[in-house]
file data04.csv (CSV, C-alpha atoms)
chain,number,residue,atom,x,y,z
A,1,ALA,CA,117.1,92.9,101.8
A,2,MET,CA,113.4,93.4,102.1
A,3,HIS,CA,111.4,92.3,105.2
A,4,SER,CA,108.1,91.0,103.9
A,5,LEU,CA,105.1,91.4,106.2
A,6,VAL,CA,102.8,88.4,106.6
A,7,PHE,CA,100.1,88.6,103.8
A,8,ASP,CA,97.3,87.9,106.2
A,9,SER,CA,98.4,90.9,108.3
A,10,LEU,CA,98.5,93.1,105.2
A,11,VAL,CA,95.0,92.0,104.4
A,12,ARG,CA,93.8,92.9,107.9
A,13,VAL,CA,95.4,96.4,108.0
A,14,ALA,CA,96.2,97.7,104.6
A,15,LEU,CA,93.2,99.7,103.4
A,16,VAL,CA,90.4,99.0,105.9
A,17,LEU,CA,90.1,102.7,106.6
A,18,MET,CA,88.9,104.0,103.3
A,19,CYS,CA,85.8,105.4,105.2
A,20,VAL,CA,87.9,107.9,107.1
A,21,ALA,CA,86.7,110.7,104.8
A,22,GLN,CA,83.2,110.3,106.2
A,23,GLY,CA,84.1,112.1,109.4
A,24,PRO,CA,84.4,111.5,113.1
A,25,ALA,CA,82.5,108.1,113.1
A,26,TYR,CA,85.9,106.5,112.8
A,27,ILE,CA,89.1,106.8,114.9
A,28,VAL,CA,92.2,106.0,113.0
A,29,THR,CA,95.1,104.0,114.5
A,30,TYR,CA,98.4,102.8,113.0
A,31,VAL,CA,100.7,99.8,113.1
A,32,GLU,CA,104.3,101.0,113.3
A,33,HIS,CA,107.2,99.2,111.5
A,34,ASN,CA,110.9,100.1,111.5
A,35,GLY,CA,112.2,101.1,108.1
A,36,ALA,CA,110.9,102.8,104.9
A,37,CYS,CA,107.5,101.9,103.5
A,38,ARG,CA,107.3,99.6,100.5
A,39,ASP,CA,104.1,98.4,98.8
A,40,ILE,CA,103.0,94.9,98.1
A,41,ARG,CA,104.3,94.9,94.6
A,42,ASN,CA,107.9,95.3,95.7
A,43,THR,CA,109.2,91.8,95.9
A,44,GLY,CA,112.6,92.6,94.5
A,45,GLY,CA,113.5,95.8,96.4
A,46,SER,CA,113.8,98.1,93.4
A,47,PHE,CA,111.0,100.5,92.7
A,48,ASP,CA,110.2,104.2,92.9
A,49,MET,CA,107.6,105.2,95.4
A,50,ILE,CA,107.5,108.9,94.3
A,51,SER,CA,104.8,108.1,91.7
A,52,GLU,CA,102.8,106.2,94.3
A,53,SER,CA,102.9,108.7,97.2
A,54,GLN,CA,102.9,112.4,98.0
A,55,GLU,CA,106.0,113.8,99.7
A,56,LYS,CA,105.6,116.5,102.2
A,57,TRP,CA,108.4,118.2,104.3
A,58,LEU,CA,107.0,118.5,107.8
A,59,ASP,CA,108.7,118.8,111.2
A,60,THR,CA,107.0,116.0,113.2
A,61,PRO,CA,105.4,112.6,112.7
A,62,ALA,CA,102.2,114.0,114.2
A,63,GLU,CA,101.9,116.5,111.4
A,64,CYS,CA,102.3,113.7,108.9
A,65,ARG,CA,99.8,111.5,110.6
A,66,LYS,CA,97.2,114.3,110.8
A,67,MET,CA,97.4,114.6,107.0
A,68,CYS,CA,97.0,110.9,106.5
A,69,ASP,CA,94.1,110.8,109.0
A,70,THR,CA,92.0,113.2,106.9
A,71,GLU,CA,92.7,111.6,103.4
A,72,ALA,CA,90.5,108.6,102.5
A,73,TRP,CA,93.1,107.4,100.0
A,74,CYS,CA,96.0,107.5,102.4
A,75,VAL,CA,96.8,103.9,103.6
A,76,GLY,CA,99.8,104.8,105.7
A,77,PHE,CA,102.7,107.2,105.9
A,78,GLU,CA,106.5,107.1,106.2
A,79,TYR,CA,108.5,109.5,108.3
A,80,GLY,CA,112.2,110.0,108.3
A,81,ARG,CA,114.9,112.6,108.6
A,82,PRO,CA,117.4,112.3,105.7
A,83,GLY,CA,120.3,114.7,105.8
A,84,GLY,CA,118.7,116.5,108.7
A,85,TYR,CA,115.5,117.3,106.9
A,86,ALA,CA,112.2,115.8,108.1
A,87,ARG,CA,110.3,114.0,105.3
A,88,CYS,CA,106.7,112.7,105.2
A,89,GLU,CA,105.3,110.3,102.5
A,90,LEU,CA,101.6,109.7,102.2
A,91,HIS,CA,101.0,106.4,100.5
A,92,ARG,CA,98.2,105.5,98.2
A,93,THR,CA,98.7,101.8,97.6
A,94,ALA,CA,98.6,98.8,100.0
A,95,LEU,CA,101.8,98.5,102.0
A,96,GLY,CA,103.4,95.1,102.4
A,97,HIS,CA,107.2,95.5,102.9
A,98,THR,CA,109.7,97.7,104.7
A,99,ALA,CA,113.3,98.5,103.7
A,100,PRO,CA,115.8,98.6,106.5
A,101,VAL,CA,116.7,102.3,106.2
A,102,PRO,CA,118.0,103.8,109.5
A,103,GLY,CA,116.0,106.7,110.7
A,104,TYR,CA,112.8,105.9,108.9
A,105,THR,CA,109.5,104.5,110.2
A,106,CYS,CA,106.5,103.1,108.3
A,107,TYR,CA,103.0,103.6,109.8
A,108,ILE,CA,100.2,101.5,108.3
A,109,LYS,CA,96.6,102.4,108.9
A,110,SER,CA,95.0,99.8,111.0
A,111,ALA,CA,91.7,99.4,113.0
A,112,THR,CA,89.0,102.0,113.8
A,113,SER,CA,86.7,102.5,116.7
A,114,ARG,CA,83.3,103.9,116.1
A,115,THR,CA,82.3,106.9,118.2
A,116,THR,CA,78.8,107.7,119.5
A,117,ARG,CA,76.4,108.0,116.6
A,118,THR,CA,72.8,108.9,116.2
A,119,ALA,CA,70.5,106.7,114.1
A,120,ILE,CA,67.4,108.0,112.5
A,121,ALA,CA,65.4,104.8,113.3
A,122,SER,CA,66.9,103.9,116.6
A,123,THR,CA,64.9,103.5,119.8
A,124,GLU,CA,67.5,101.8,122.0
A,125,SER,CA,71.3,101.3,122.2
A,126,VAL,CA,73.9,98.7,123.0
A,127,VAL,CA,77.3,99.2,124.7
A,128,THR,CA,80.1,97.5,123.0
A,129,SER,CA,83.8,97.5,123.8
A,130,ARG,CA,86.2,98.1,120.9
A,131,GLY,CA,89.6,99.7,120.9
A,132,GLY,CA,89.8,99.6,124.7
A,133,GLY,CA,86.8,101.7,125.4
A,134,ALA,CA,83.0,101.4,125.9
A,135,ILE,CA,81.1,102.8,122.9
A,136,LEU,CA,77.4,103.6,122.7
A,137,GLU,CA,75.9,102.1,119.5
A,138,PRO,CA,72.4,102.6,118.3
A,139,ARG,CA,70.5,99.3,117.8
A,140,CYS,CA,67.7,99.3,115.3
A,141,ASN,CA,64.4,97.5,115.4
A,142,VAL,CA,65.0,94.8,112.8
A,143,SER,CA,61.3,94.1,112.3
A,144,THR,CA,60.9,97.6,110.9
A,145,ILE,CA,63.6,97.4,108.3
A,146,SER,CA,61.9,97.3,104.9
A,147,PHE,CA,61.5,98.9,101.6
A,148,GLY,CA,62.8,102.5,101.4
A,149,GLN,CA,63.5,102.9,105.2
A,150,GLU,CA,66.4,104.8,106.6
A,151,PHE,CA,68.7,103.2,109.2
A,152,GLN,CA,72.0,105.1,108.9
A,153,GLY,CA,74.6,104.3,111.5
A,154,CYS,CA,72.6,101.4,113.1
A,155,TYR,CA,74.2,98.6,115.1
A,156,LEU,CA,73.0,95.5,113.2
A,157,ALA,CA,75.8,93.0,113.7
A,158,GLY,CA,74.6,89.4,113.0
A,159,VAL,CA,71.1,90.5,111.9
A,160,ASN,CA,69.2,88.2,109.7
A,161,LEU,CA,67.6,90.1,106.7
A,162,ALA,CA,67.5,87.1,104.3
A,163,ARG,CA,64.9,87.3,101.6
A,164,ARG,CA,63.7,90.7,102.7
A,165,ASN,CA,62.6,93.4,100.2
A,166,LEU,CA,65.1,96.1,101.1
A,167,THR,CA,64.8,98.0,97.9
A,168,GLY,CA,65.9,101.6,98.5
A,169,VAL,CA,66.8,101.0,102.1
A,170,ALA,CA,69.5,103.3,103.6
A,171,LEU,CA,72.1,101.6,105.8
A,172,ASP,CA,74.9,104.1,105.4
A,173,ASN,CA,77.7,103.7,108.0
A,174,ALA,CA,75.8,100.9,109.7
A,175,LEU,CA,77.6,98.1,111.5
A,176,LEU,CA,76.7,94.9,109.8
A,177,ASN,CA,79.4,92.4,110.6
A,178,HIS,CA,78.2,88.8,110.1
A,179,ALA,CA,74.8,90.0,108.9
A,180,ASN,CA,72.7,87.8,106.6
A,181,PHE,CA,71.3,89.4,103.4
A,182,ASP,CA,71.0,86.2,101.4
A,183,ARG,CA,68.5,86.4,98.5
A,184,ALA,CA,67.3,89.9,99.6
A,185,LEU,CA,66.2,92.5,97.2
A,186,LEU,CA,68.6,95.5,97.5
A,187,HIS,CA,67.9,97.4,94.3
A,188,HIS,CA,69.1,101.0,94.8
A,189,ALA,CA,69.9,100.3,98.4
A,190,SER,CA,72.7,102.3,100.0
A,191,LEU,CA,75.3,100.8,102.3
A,192,GLU,CA,77.9,103.6,101.7
A,193,GLY,CA,80.6,103.4,104.4
A,194,ALA,CA,79.0,100.4,106.1
A,195,THR,CA,81.1,97.9,108.0
A,196,ALA,CA,80.0,94.4,106.9
A,197,LYS,CA,82.9,92.1,107.5
A,198,HIS,CA,82.0,88.4,107.1
A,199,ALA,CA,78.4,89.4,106.0
A,200,THR,CA,76.6,87.2,103.5
A,201,PHE,CA,75.0,88.7,100.3
A,202,ARG,CA,74.5,85.4,98.4
A,203,GLN,CA,72.2,85.6,95.5
A,204,ILE,CA,71.0,89.1,96.3
A,205,GLU,CA,69.6,91.3,93.6
A,206,GLY,CA,71.0,94.8,93.9
A,207,THR,CA,70.8,96.8,90.7
A,208,HIS,CA,72.7,100.1,91.3
A,209,MET,CA,73.3,99.3,94.9
A,210,ASP,CA,75.6,101.8,96.6
A,211,LEU,CA,78.6,100.2,98.5
A,212,LYS,CA,81.1,103.0,98.2
A,213,HIS,CA,83.8,103.0,100.9
A,214,ALA,CA,82.1,99.9,102.5
A,215,LEU,CA,84.3,97.6,104.6
A,216,LEU,CA,83.4,94.1,103.2
A,217,GLU,CA,86.4,92.0,104.3
A,218,GLU,CA,85.7,88.3,103.7
A,219,ALA,CA,82.0,89.0,102.8
A,220,ASP,CA,80.3,86.5,100.6
A,221,PHE,CA,78.7,87.8,97.4
A,222,THR,CA,78.4,84.4,95.7
A,223,SER,CA,76.0,84.6,92.7
A,224,ALA,CA,75.0,88.2,93.7
A,225,LYS,CA,73.4,90.3,90.9
A,226,LEU,CA,74.9,93.8,91.1
A,227,PRO,CA,74.7,95.4,87.7
A,228,GLY,CA,75.7,99.0,87.8
A,229,ALA,CA,76.6,98.8,91.5
A,230,LEU,CA,78.8,101.5,93.0
A,231,LEU,CA,81.8,100.1,94.9
A,232,GLU,CA,84.4,102.8,94.6
A,233,ARG,CA,87.1,102.4,97.2
A,234,ALA,CA,85.3,99.5,98.8
A,235,VAL,CA,87.4,97.0,100.8
A,236,LEU,CA,86.8,93.4,99.6
A,237,LEU,CA,89.8,91.7,101.1
A,238,LYS,CA,89.5,87.9,100.8
A,239,ALA,CA,85.8,88.3,99.8
A,240,SER,CA,83.9,85.8,97.6
A,241,LEU,CA,82.4,87.1,94.4
A,242,ILE,CA,82.1,83.7,92.8
A,243,ASN,CA,79.7,83.8,89.8
A,244,ALA,CA,78.7,87.4,90.8
A,245,GLU,CA,77.2,89.7,88.1
A,246,LEU,CA,78.9,93.1,88.2
A,247,ARG,CA,78.3,94.2,84.6
A,248,GLY,CA,78.8,98.0,84.3
A,249,ALA,CA,79.6,98.4,88.0
A,250,ASN,CA,82.0,101.0,89.3
A,251,LEU,CA,84.8,99.4,91.3
A,252,ALA,CA,87.5,102.1,90.9
A,253,ARG,CA,90.2,101.8,93.5
A,254,VAL,CA,88.6,98.8,95.1
A,255,LEU,CA,90.8,96.7,97.3
A,256,ALA,CA,90.1,93.1,96.7
A,257,ALA,CA,93.4,91.4,97.4
A,258,GLY,CA,93.0,87.6,97.9
A,259,ALA,CA,89.4,87.6,96.7
A,260,LEU,CA,87.7,84.7,94.9
A,261,LEU,CA,86.4,86.0,91.5
A,262,ASN,CA,85.8,82.7,89.8
A,263,GLY,CA,83.1,82.9,87.2
A,264,ALA,CA,82.3,86.6,88.0
A,265,SER,CA,81.4,89.0,85.3
A,266,PHE,CA,82.9,92.5,85.2
A,267,LYS,CA,81.9,93.2,81.6
A,268,ALA,CA,82.2,96.9,80.8
A,269,ALA,CA,82.9,97.6,84.5
A,270,ASN,CA,85.3,100.4,85.8
A,271,LEU,CA,88.1,98.9,87.8
A,272,ARG,CA,90.7,101.6,87.3
A,273,ASN,CA,93.5,101.5,89.9
A,274,ALA,CA,91.9,98.4,91.6
A,275,GLU,CA,94.0,96.1,93.8
A,276,LEU,CA,93.3,92.5,92.6
A,277,SER,CA,96.5,90.9,93.8
A,278,HIS,CA,96.5,87.2,94.6
A,279,CYS,CA,92.9,86.8,93.4
A,280,LYS,CA,91.5,83.6,91.9
A,281,MET,CA,90.0,84.4,88.4
A,282,PHE,CA,88.9,81.2,86.9
A,283,HIS,CA,86.8,82.2,83.9
A,284,THR,CA,86.3,85.7,85.2
A,285,ASP,CA,85.0,87.9,82.4
A,286,PHE,CA,86.6,91.4,82.1
A,287,SER,CA,85.5,92.0,78.5
A,288,TYR,CA,85.3,95.7,77.7
A,289,ALA,CA,86.3,96.6,81.3
A,290,GLN,CA,88.4,99.6,82.2
A,291,LEU,CA,91.4,98.0,83.9
A,292,GLN,CA,94.0,100.8,83.7
A,293,ASN,CA,96.7,100.6,86.4
A,294,VAL,CA,95.0,97.5,88.0
A,295,SER,CA,97.4,95.2,90.0
A,296,PHE,CA,97.1,91.5,89.1
A,297,LEU,CA,100.1,90.7,91.2
A,298,GLY,CA,100.2,86.9,91.9
A,299,ALA,CA,96.7,86.4,90.5
A,300,ASP,CA,95.6,83.1,88.9
A,301,LEU,CA,94.3,84.0,85.5
A,302,ASN,CA,93.2,80.5,84.4
A,303,GLY,CA,90.5,81.1,81.8
A,304,ALA,CA,90.1,84.8,82.5
A,305,ILE,CA,88.7,86.8,79.6
A,306,PHE,CA,90.1,90.3,78.8
A,307,ARG,CA,88.4,90.7,75.4
A,308,LYS,CA,88.6,94.4,74.3
A,309,ALA,CA,89.5,95.5,77.8
A,310,ASN,CA,91.7,98.5,78.5
A,311,LEU,CA,94.8,97.2,80.2
A,312,GLU,CA,97.0,100.3,80.0
A,313,GLY,CA,99.4,100.4,83.0
A,314,ALA,CA,98.0,97.1,84.4
A,315,TYR,CA,100.5,95.1,86.5
A,316,PHE,CA,101.0,91.4,85.9
A,317,LEU,CA,104.0,90.4,88.1
A,318,ASP,CA,104.1,86.8,89.3
A,319,VAL,CA,100.7,85.9,87.7
A,320,ILE,CA,99.7,82.2,87.3
A,321,ASN,CA,98.3,80.6,84.2
A,322,MET,CA,98.8,83.7,82.0
A,323,ASP,CA,98.9,81.4,78.9
A,324,LYS,CA,95.4,80.2,79.7
A,325,ALA,CA,93.9,83.7,79.8
A,326,ILE,CA,92.2,85.3,76.7
A,327,PHE,CA,93.7,88.6,75.6
A,328,ASP,CA,91.8,89.5,72.5
A,329,SER,CA,91.9,93.0,70.9
A,330,THR,CA,92.9,94.7,74.2
A,331,ILE,CA,94.1,98.2,74.6
A,332,GLY,CA,97.6,97.8,76.2
A,333,GLY,CA,98.5,94.5,77.6
A,334,PRO,CA,100.5,92.5,80.2
A,335,HIS,CA,104.0,93.6,81.1
A,336,ASP,CA,106.5,92.9,83.8
A,337,VAL,CA,105.4,89.3,83.7
A,338,SER,CA,107.6,86.8,85.6
A,339,SER,CA,108.6,83.2,84.7
A,340,SER,CA,105.5,81.8,86.3
A,341,SER,CA,103.6,83.0,83.2
A,342,THR,CA,104.8,81.2,80.1
A,343,SER,CA,103.1,83.1,77.3
A,344,THR,CA,100.6,85.7,76.3
A,345,SER,CA,98.3,86.2,73.3
A,346,THR,CA,97.8,89.9,73.6
A,347,SER,CA,96.9,91.9,70.5
A,348,THR,CA,96.4,95.6,70.2

call {"tool": "encode", "arguments": {"input": "data04.csv", "output": "structure tokens"}}
result
Amino acid sequence: AMHSLVFDSLVRVALVLMCVAQGPAYIVTYVEHNGACRDIRNTGGSFDMISESQEKWLDTPAECRKMCDTEAWCVGFEYGRPGGYARCELHRTALGHTAPVPGYTCYIKSATSRTTRTAIASTESVVTSRGGGAILEPRCNVSTISFGQEFQGCYLAGVNLARRNLTGVALDNALLNHANFDRALLHHASLEGATAKHATFRQIEGTHMDLKHALLEEADFTSAKLPGALLERAVLLKASLINAELRGANLARVLAAGALLNGASFKAANLRNAELSHCKMFHTDFSYAQLQNVSFLGADLNGAIFRKANLEGAYFLDVINMDKAIFDSTIGGPHDVSSSSTSTSTST
């Protein structure tokens, strides 16, 4: 029997460390679970993790952890000693279950602590306490943040930048939790690797905005205009993208489990290998989108549009309202559909 981890816990810890590849600004920690790792798709207990992980034969868990620390795609690792041999698995997809296998332990990447950083535009600092230690954070002068300025690594939690012209601004690796960007102009702005949990980006205009590797858990992008935006490997757990415009955006490998995507447009967008499990997709438009290997596990597809989308390898287990979605001239189509979905209209 499988031991399912609480979904909210998964949402908090699964992939929030995609920024690890950016260097020592983040310290990786892990949540330890007894048993072998299983991903969130495994509700029945029978699947093959070989295709979803990289197996390495190493002597100690520390060696396995070191490899996972340095890989941005690694969401956790499994360590065990079958038959006297030490085995390490580096996992690529969100982990949500363990199997009770004696001698195995599953380690899921969890929180990070920021180390001391230098900000280009910083004139003062603030001491915060995270992860059990005091951390010196650069605090930026909010009044100077404007068109084309550079503020990489700044501490800007809770800042109000609503309605500002922030075109071309650089906020890479900045701490922006609970920040307010509502109605701001963010065309070509860069927030690569930024942490902006619970931040609001309602009705922003951000053509070609760069949000790669950003941590955007429960952020609000309602009615945001982000055509051509870059969101590869961004974390959008439980975020709101209601009525957002993401035509032609790159969301490859984005983690958006539990997100609200109602009315959003992903026309011609790249969502290859994205995690869209348990999302609400009322009238979401995926026309012409690249959806290869996307997980739609448990998603509500009521009115979703997949016209001429590429669905090769897409995963549709336990979806809701499959019969109310539009599958017109798709490449590939739904498979592994459970009884909660009554019919499809896929054509190829």

call {"tool": "residues_around", "arguments": {"input": "data04.csv", "residues": "Ala239 (chain A)", "least_positions_apart": "2", "cutoff": "9 Å", "atoms": "only C-alpha atoms", "output": "ChimeraX atom specification"}}
result
/A:198,216-221,235-237,241,256-261

call {"tool": "residues_around", "arguments": {"input": "data04.csv", "residues": "His283 (chain A)", "least_positions_apart": "5", "cutoff": "12 Å", "atoms": "only C-alpha atoms", "output": "ChimeraX atom specification"}}
result
/A:242-244,260-266,300-306,321,324-326

call {"tool": "atom_distance", "arguments": {"input": "data04.csv", "atom1": "CA of Ala249 (chain A)", "atom2": "CA of Ile108 (chain A)"}}
result
29.1 Å

call {"tool": "atom_distance", "arguments": {"input": "data04.csv", "atom1": "CA of Cys154 (chain A)", "atom2": "CA of Thr167 (chain A)"}}
result
17.4 Å

call {"tool": "residues_around", "arguments": {"input": "data04.csv", "residues": "Ala314 (chain A)", "least_positions_apart": "5", "cutoff": "7 Å", "atoms": "all atoms listed in the file", "output": "JSON, numbers by chain"}}
result
{"A": [291, 292, 293, 294, 295, 334]}

call {"tool": "atom_distance", "arguments": {"input": "data04.csv", "atom1": "CA of Gly206 (chain A)", "atom2": "CA of Ala184 (chain A)"}}
result
8.4 Å

call {"tool": "residues_around", "arguments": {"input": "data04.csv", "residues": "Ala234 (chain A)", "least_positions_apart": "4", "cutoff": "7 Å", "atoms": "all atoms listed in the file", "output": "list in words"}}
result
Leu211, Lys212, His213, Ala214, Leu215, Val254 and Leu255 of chain A

call {"tool": "closest_residue", "arguments": {"input": "data04.csv", "among": "A:Glu312, A:Glu71, A:Glu63, A:Glu32", "to": "Thr98 (chain A)", "atoms": "all atoms listed in the file"}}
result
A:Glu32

call {"tool": "closest_residue", "arguments": {"input": "data04.csv", "among": "A:Tyr288, A:Tyr30, A:Phe296, A:Phe282", "to": "Asp318 (chain A)", "atoms": "only C-alpha atoms"}}
result
A:Phe296

call {"tool": "closest_residue", "arguments": {"input": "data04.csv", "among": "A:Thr284, A:Asn160, A:Asn34, A:Gln203", "to": "His178 (chain A)", "atoms": "all atoms listed in the file"}}
result
A:Asn160

call {"tool": "closest_residue", "arguments": {"input": "data04.csv", "among": "A:Tyr155, A:Tyr315, A:Phe77, A:Phe181", "to": "Arg272 (chain A)", "atoms": "all atoms listed in the file"}}
result
A:Tyr315

call {"tool": "residues_near_point", "arguments": {"input": "data04.csv", "point": "(74.0, 90.7, 92.4)", "cutoff": "6 Å", "atoms": "only C-alpha atoms", "output": "list in words"}}
result
Ile204, Glu205, Gly206, Ala224, Lys225, Leu226, Ala244 and Glu245 of chain A

call {"tool": "closest_residue", "arguments": {"input": "data04.csv", "among": "A:Thr222, A:Thr195, A:Asn250, A:Asn270", "to": "His208 (chain A)", "atoms": "only C-alpha atoms"}}
result
A:Asn250

call {"tool": "closest_residue", "arguments": {"input": "data04.csv", "among": "A:Leu156, A:Arg202, A:Ser190, A:Arg87", "to": "Asp172 (chain A)", "atoms": "all atoms listed in the file"}}
result
A:Ser190

call {"tool": "residues_around", "arguments": {"input": "data04.csv", "residues": "Pro61 (chain A)", "least_positions_apart": "2", "cutoff": "12 Å", "atoms": "all atoms listed in the file", "output": "ChimeraX atom specification"}}
result
/A:32,56-59,63-68,76-81,86-90,104-107
